[in-house]
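These notes are about the structure you will find just below.
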Amino acid sequence: MMVGVRLTRGLYERAVADLRRPHPYAFERVGFFSARMGNASHGHRLVLLTDYHAVPDDQYVKDPKCGARINSDSIRAAMQRVLDTGAGAFHVHVHEHPGTPRFSPMDAEETPRVVTGLRVVGPFQPHGMLLFSEDRAAALVWLPGVPEPLKANKIAVVGFPLTFLEGA
Amino acid sequence: MGEDRFDRQSFLGAGSQPVIERAVVGVMGLGGGGSHVVQQLAHVGFLRYVIYDPDVVEESNLNRLVGATESDVREKTPKVEVAKRVAFGLRSEAIVEAYTQRWQENPEPLRACDILFGCLDGFGERRELEAASRRYLIPLIDIGMDIHRVGDEPPRMGGQIILSMPGGPCMFCLGFLNERTLAREGERYGDAGARPQVIWPNGVLASTAVGVAVDLLTDWTQSLRSAVYMEYDGNRGTLRQHARLQYLREGACPHYPAAAVGDVVLL
């Protein structure tokens, strides 16, 4: 199954600008995208990102073992947004290097737990985790009704220019 | 095939050809405009196509339909088959999804496209395609031409190229679509005969549209940063930015809100 992720350049730039802001004590920032589903032909699925939500400074937990850890208030807020808007939620952060980014072992272990909670309140929406580098991106997508996450095959920033962040 | 096939367009950038080959392009309507677009996309090296047109080749198409022959008229060849022949003739490894129907009858393949070319007749058709392109976050490049006659003056030939970018101004914002033009849809579209069409303005419009798409993907000019609305004056042979671009209001498009994307789901 092919999975594509699309977002407008304005939304991409807004998110990245927020995620690159220094935090008083965390080493990096995280945020959440709202997402909606689009079905194309031949089993092609589209995840369309519609909005970005920053995590407030006071919802970060001091943890020197990782770049950023957020508290339960931020996760509850993300779950509430899913309920209020009917849109899915994607956890997002940035790794500051060029080339295809990889989720860290901690990302791979902890973020899926957040997604599990999101899927409980939004079983009919797409959820997942998204990681930007300086010029690429990677995403794992949990589609409605599909138990295991799928790697996004194409992540498109729609604007001037039109850029494919994933792959080459 | 030689290894230097795209050497002459290497100025587009070192990574441009893989990007061009990765993009899925949709062409809606394969008449005078769309047939030109497909031919040029194939020359540029695009590999993945989704094309729609419900019609077969008729005698009256031969004055402008690129790739069509007299035998296509006799055999009632679908226009999508002519376009496939042109695309495969230039790139045998092309992947072409061809639909002999209106896109509205089978819209899902269109959603997988990265760029759409609207080569359609009429304002209502344009409104529907733009609504779909916005809902699935796909840039839409619309082309069209018309010929008008006013009094005893020579016919006036005009046309447009519009790049409608999700998140940016739409064809309503640009003033190309409005309630008045849509209401006039039922009236005659031109007055120099039934649907006046000739090949040379379609060539200008299609070439410019393909150029916009290549720039969008490769950013070779590093200057394409906002909506495109160009007007073509076929009597003078000029193409220039439309004056309405100067009067665009700041801010998000009010006609297609950012949250109104994706499949409609009743929760």
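Following the order of the structure tokens, first chain is A, next is B, and so on, with residues numbered from 1 inside each chain and ligands from 1 in the order they appear.
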**Study point:** Check: which chain B residues lie within 8 Å of chain A using only C-alpha atoms, as a ChimeraX atom specification
**Key:** /B:18-19,108-112,136-139,165-167,215-219,224-226,258-259,261-263,267
Serialized selection, C-alpha atoms, as an mmCIF file, in the first residue's frame:
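The resulting file, out_9.cif, is shown below:
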data_model
loop_
_atom_site.group_PDB
_atom_site.id
_atom_site.type_symbol
_atom_site.label_atom_id
_atom_site.label_comp_id
_atom_site.auth_asym_id
_atom_site.auth_seq_id
_atom_site.Cartn_x
_atom_site.Cartn_y
_atom_site.Cartn_z
ATOM 1 C CA PRO B 18 14.728 12.326 -10.564
ATOM 2 C CA VAL B 19 12.211 14.840 -9.228
ATOM 3 C CA GLU B 108 -9.803 8.638 -7.069
ATOM 4 C CA PRO B 109 -6.903 8.266 -9.542
ATOM 5 C CA LEU B 110 -6.693 12.054 -9.820
ATOM 6 C CA ARG B 111 -5.987 12.376 -6.093
ATOM 7 C CA ALA B 112 -2.651 10.579 -6.399
ATOM 8 C CA TYR B 136 -6.397 16.944 -1.957
ATOM 9 C CA LEU B 137 -3.656 19.610 -1.851
ATOM 10 C CA ILE B 138 -2.634 19.425 -5.494
ATOM 11 C CA PRO B 139 -1.329 22.417 -7.480
ATOM 12 C CA MET B 165 -1.762 26.651 -5.413
ATOM 13 C CA PRO B 166 -3.392 25.143 -2.323
ATOM 14 C CA GLY B 167 -3.044 27.667 0.466
ATOM 15 C CA ASP B 215 9.849 25.471 -12.541
ATOM 16 C CA LEU B 216 7.572 24.446 -9.691
ATOM 17 C CA LEU B 217 9.350 21.106 -9.343
ATOM 18 C CA THR B 218 12.941 22.125 -10.008
ATOM 19 C CA ASP B 219 12.876 25.766 -8.837
ATOM 20 C CA LEU B 224 8.302 31.384 -8.925
ATOM 21 C CA ARG B 225 6.942 32.274 -5.498
ATOM 22 C CA SER B 226 3.294 33.166 -5.940
ATOM 23 C CA ALA B 258 -7.248 24.945 5.161
ATOM 24 C CA ALA B 259 -9.258 22.443 7.183
ATOM 25 C CA VAL B 261 -9.332 18.890 2.859
ATOM 26 C CA GLY B 262 -9.460 15.135 2.467
ATOM 27 C CA ASP B 263 -12.350 12.761 2.154
ATOM 28 C CA LEU B 267 -18.487 11.175 12.359
#
Review point. Counting only C-alpha atoms, what is within 9 Å of segment 43-59 of chain B, bar same-chain residues fewer than 6 positions away, as a PyMOL selection string?
Key: chain B and resi 6+9+17+20-31+65+68-70+72-84+87+90-91+93-103+109-110+112-113+210+214
Would you mind exporting the chosen residues as a short mmCIF file (atom, residue, chain, number, x, y, z; two decimals), in the first residue's frame, restricted to C-alpha atoms?
data_model
loop_
_atom_site.label_atom_id
_atom_site.label_comp_id
_atom_site.auth_asym_id
_atom_site.auth_seq_id
_atom_site.Cartn_x
_atom_site.Cartn_y
_atom_site.Cartn_z
CA PHE B 6 18.48 15.14 -20.87
CA GLN B 9 18.16 20.51 -19.84
CA GLN B 17 15.48 14.72 -13.46
CA ILE B 20 10.57 15.18 -12.64
CA GLU B 21 10.43 11.42 -13.01
CA ARG B 22 8.97 10.96 -9.54
CA ALA B 23 6.14 13.45 -9.97
CA VAL B 24 2.73 12.12 -10.93
CA VAL B 25 1.11 14.48 -13.41
CA GLY B 26 -2.59 14.53 -14.18
CA VAL B 27 -3.96 15.92 -17.41
CA MET B 28 -7.69 16.51 -17.48
CA GLY B 29 -8.87 16.92 -21.05
CA LEU B 30 -6.78 15.81 -24.01
CA GLY B 31 -7.99 18.09 -26.76
CA LEU B 65 -5.02 17.59 -31.64
CA ALA B 68 -3.97 12.41 -33.93
CA THR B 69 -4.18 11.12 -37.50
CA GLU B 70 -6.83 10.58 -40.13
CA ASP B 72 -7.76 7.81 -35.68
CA VAL B 73 -10.84 9.55 -37.04
CA ARG B 74 -11.82 6.46 -39.06
CA GLU B 75 -11.20 4.15 -36.11
CA LYS B 76 -12.78 6.45 -33.55
CA THR B 77 -9.67 6.23 -31.40
CA PRO B 78 -10.17 7.54 -27.87
CA LYS B 79 -8.15 10.69 -27.21
CA VAL B 80 -6.52 9.01 -24.22
CA GLU B 81 -5.10 6.39 -26.60
CA VAL B 82 -3.58 9.10 -28.77
CA ALA B 83 -2.00 10.66 -25.70
CA LYS B 84 -0.67 7.28 -24.55
CA ALA B 87 3.86 9.48 -24.29
CA LEU B 90 8.88 9.34 -26.29
CA ARG B 91 9.27 7.33 -23.09
CA GLU B 93 8.91 3.14 -19.70
CA ALA B 94 6.18 5.67 -18.91
CA ILE B 95 3.40 4.63 -16.55
CA VAL B 96 0.12 5.95 -17.91
CA GLU B 97 -3.22 5.53 -16.19
CA ALA B 98 -5.71 6.44 -18.91
CA TYR B 99 -9.44 6.88 -18.36
CA THR B 100 -11.93 7.26 -21.18
CA GLN B 101 -14.34 9.15 -18.99
CA ARG B 102 -14.79 12.45 -17.23
CA TRP B 103 -12.66 12.65 -14.11
CA PRO B 109 -6.90 8.27 -9.54
CA LEU B 110 -6.69 12.05 -9.82
CA ALA B 112 -2.65 10.58 -6.40
CA CYS B 113 -1.34 13.30 -8.74
CA VAL B 210 4.60 22.92 -18.78
CA VAL B 214 8.97 22.31 -14.42
#
Exercise for review: Skip Leu130 of chain A itself and residues of its chain fewer than 3 positions away, then list as number ranges by chain all residues within 7 Å of it, counting only C-alpha atoms.
Suggested key: A: 90-93, 138-140
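Between atom CA of Met171 of chain B and atom CA of Leu129 of chain B the interatomic distance comes to 10.9 Å.
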**Study point:** Which of segment 157-261 of chain B DSSP labels alpha helix (DSSP H), written as a list in words
**Key:** Glu179, Arg180, Thr181, Leu182, Ala183, Ile199, Trp200, Pro201, Asn202, Gly203, Val204, Leu205, Ala206, Ser207, Thr208, Ala209, Val210, Gly211, Val212, Ala213, Val214, Asp215, Leu216, Leu217 and Thr218 of chain B
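Residues with any atom within 8 Å of Ala89 of chain A, counting only C-alpha atoms and excluding same-chain neighbours fewer than 4 positions away, are Phe32, Phe33, Ser34, Ala35, Ala78, Val82, Leu118, Pro126, His127 and Gly128 of chain A.
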Review point. Among segment 23-145 of chain A, which residues carry a DSSP assignment of strand (DSSP E), reported as a PyMOL selection string?
Key: chain A and resi 30-39+45-54+60-61+69-70+88-94+127-132+137-142
**Study point:** Shell of 8 Å around Tyr229 of chain B, only C-alpha atoms, local chain residues under 2 positions omitted, as number ranges by chain
**Key:** B: 160-163, 174, 227, 231, 241-242, 245
Can you tell me which residues surround Thr116 of chain A at a distance of at most 12 Å, considering only C-alpha atoms, apart from same-chain residues fewer than 2 positions away, and format the answer as an mmCIF file with C-alpha atoms, in the first residue's frame?
data_model
loop_
_atom_site.group_PDB
_atom_site.id
_atom_site.type_symbol
_atom_site.label_atom_id
_atom_site.label_comp_id
_atom_site.auth_asym_id
_atom_site.auth_seq_id
_atom_site.Cartn_x
_atom_site.Cartn_y
_atom_site.Cartn_z
ATOM 1 C CA ILE A 75 -0.918 14.444 25.145
ATOM 2 C CA MET A 79 -6.364 13.728 22.213
ATOM 3 C CA GLY A 88 -6.007 12.808 13.266
ATOM 4 C CA ALA A 89 -2.775 13.817 15.000
ATOM 5 C CA PHE A 90 0.877 13.455 14.005
ATOM 6 C CA HIS A 91 3.669 13.894 16.513
ATOM 7 C CA GLU A 109 9.705 3.111 21.572
ATOM 8 C CA GLU A 110 7.752 5.987 23.105
ATOM 9 C CA THR A 111 5.883 7.789 20.312
ATOM 10 C CA PRO A 112 3.838 4.730 19.301
ATOM 11 C CA ARG A 113 2.427 4.748 22.844
ATOM 12 C CA VAL A 114 1.162 8.266 22.247
ATOM 13 C CA LEU A 118 -4.748 8.991 19.798
ATOM 14 C CA ARG A 119 -6.209 5.997 17.974
ATOM 15 C CA VAL A 120 -8.515 5.272 20.893
ATOM 16 C CA VAL A 121 -10.183 8.672 20.587
ATOM 17 C CA GLY A 122 -9.895 8.860 16.790
ATOM 18 C CA PRO A 123 -10.181 5.370 15.340
ATOM 19 C CA PRO A 126 -4.881 8.733 10.434
ATOM 20 C CA HIS A 127 -2.283 9.242 13.164
ATOM 21 C CA GLY A 128 1.448 8.936 13.268
ATOM 22 C CA MET A 129 4.884 10.354 13.768
ATOM 23 C CA VAL A 141 1.491 6.360 9.515
ATOM 24 C CA TRP A 142 -1.170 4.423 11.402
ATOM 25 C CA LEU A 143 -4.134 4.225 9.037
ATOM 26 C CA PRO A 144 -7.684 3.626 10.272
ATOM 27 C CA PRO A 147 -2.846 -2.294 13.067
ATOM 28 C CA GLU A 148 0.758 -1.786 12.025
ATOM 29 C CA PRO A 149 2.309 1.531 10.978
#
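In terms of minimum interatomic distance to Met1 of chain A, A:Val146 ranks closest within A:Glu28, A:Pro22, A:Val146, A:Ile155, counting only C-alpha atoms.
Note that atom CA of Leu140 of chain B and atom CA of Leu116 of chain B are 4.7 Å apart.
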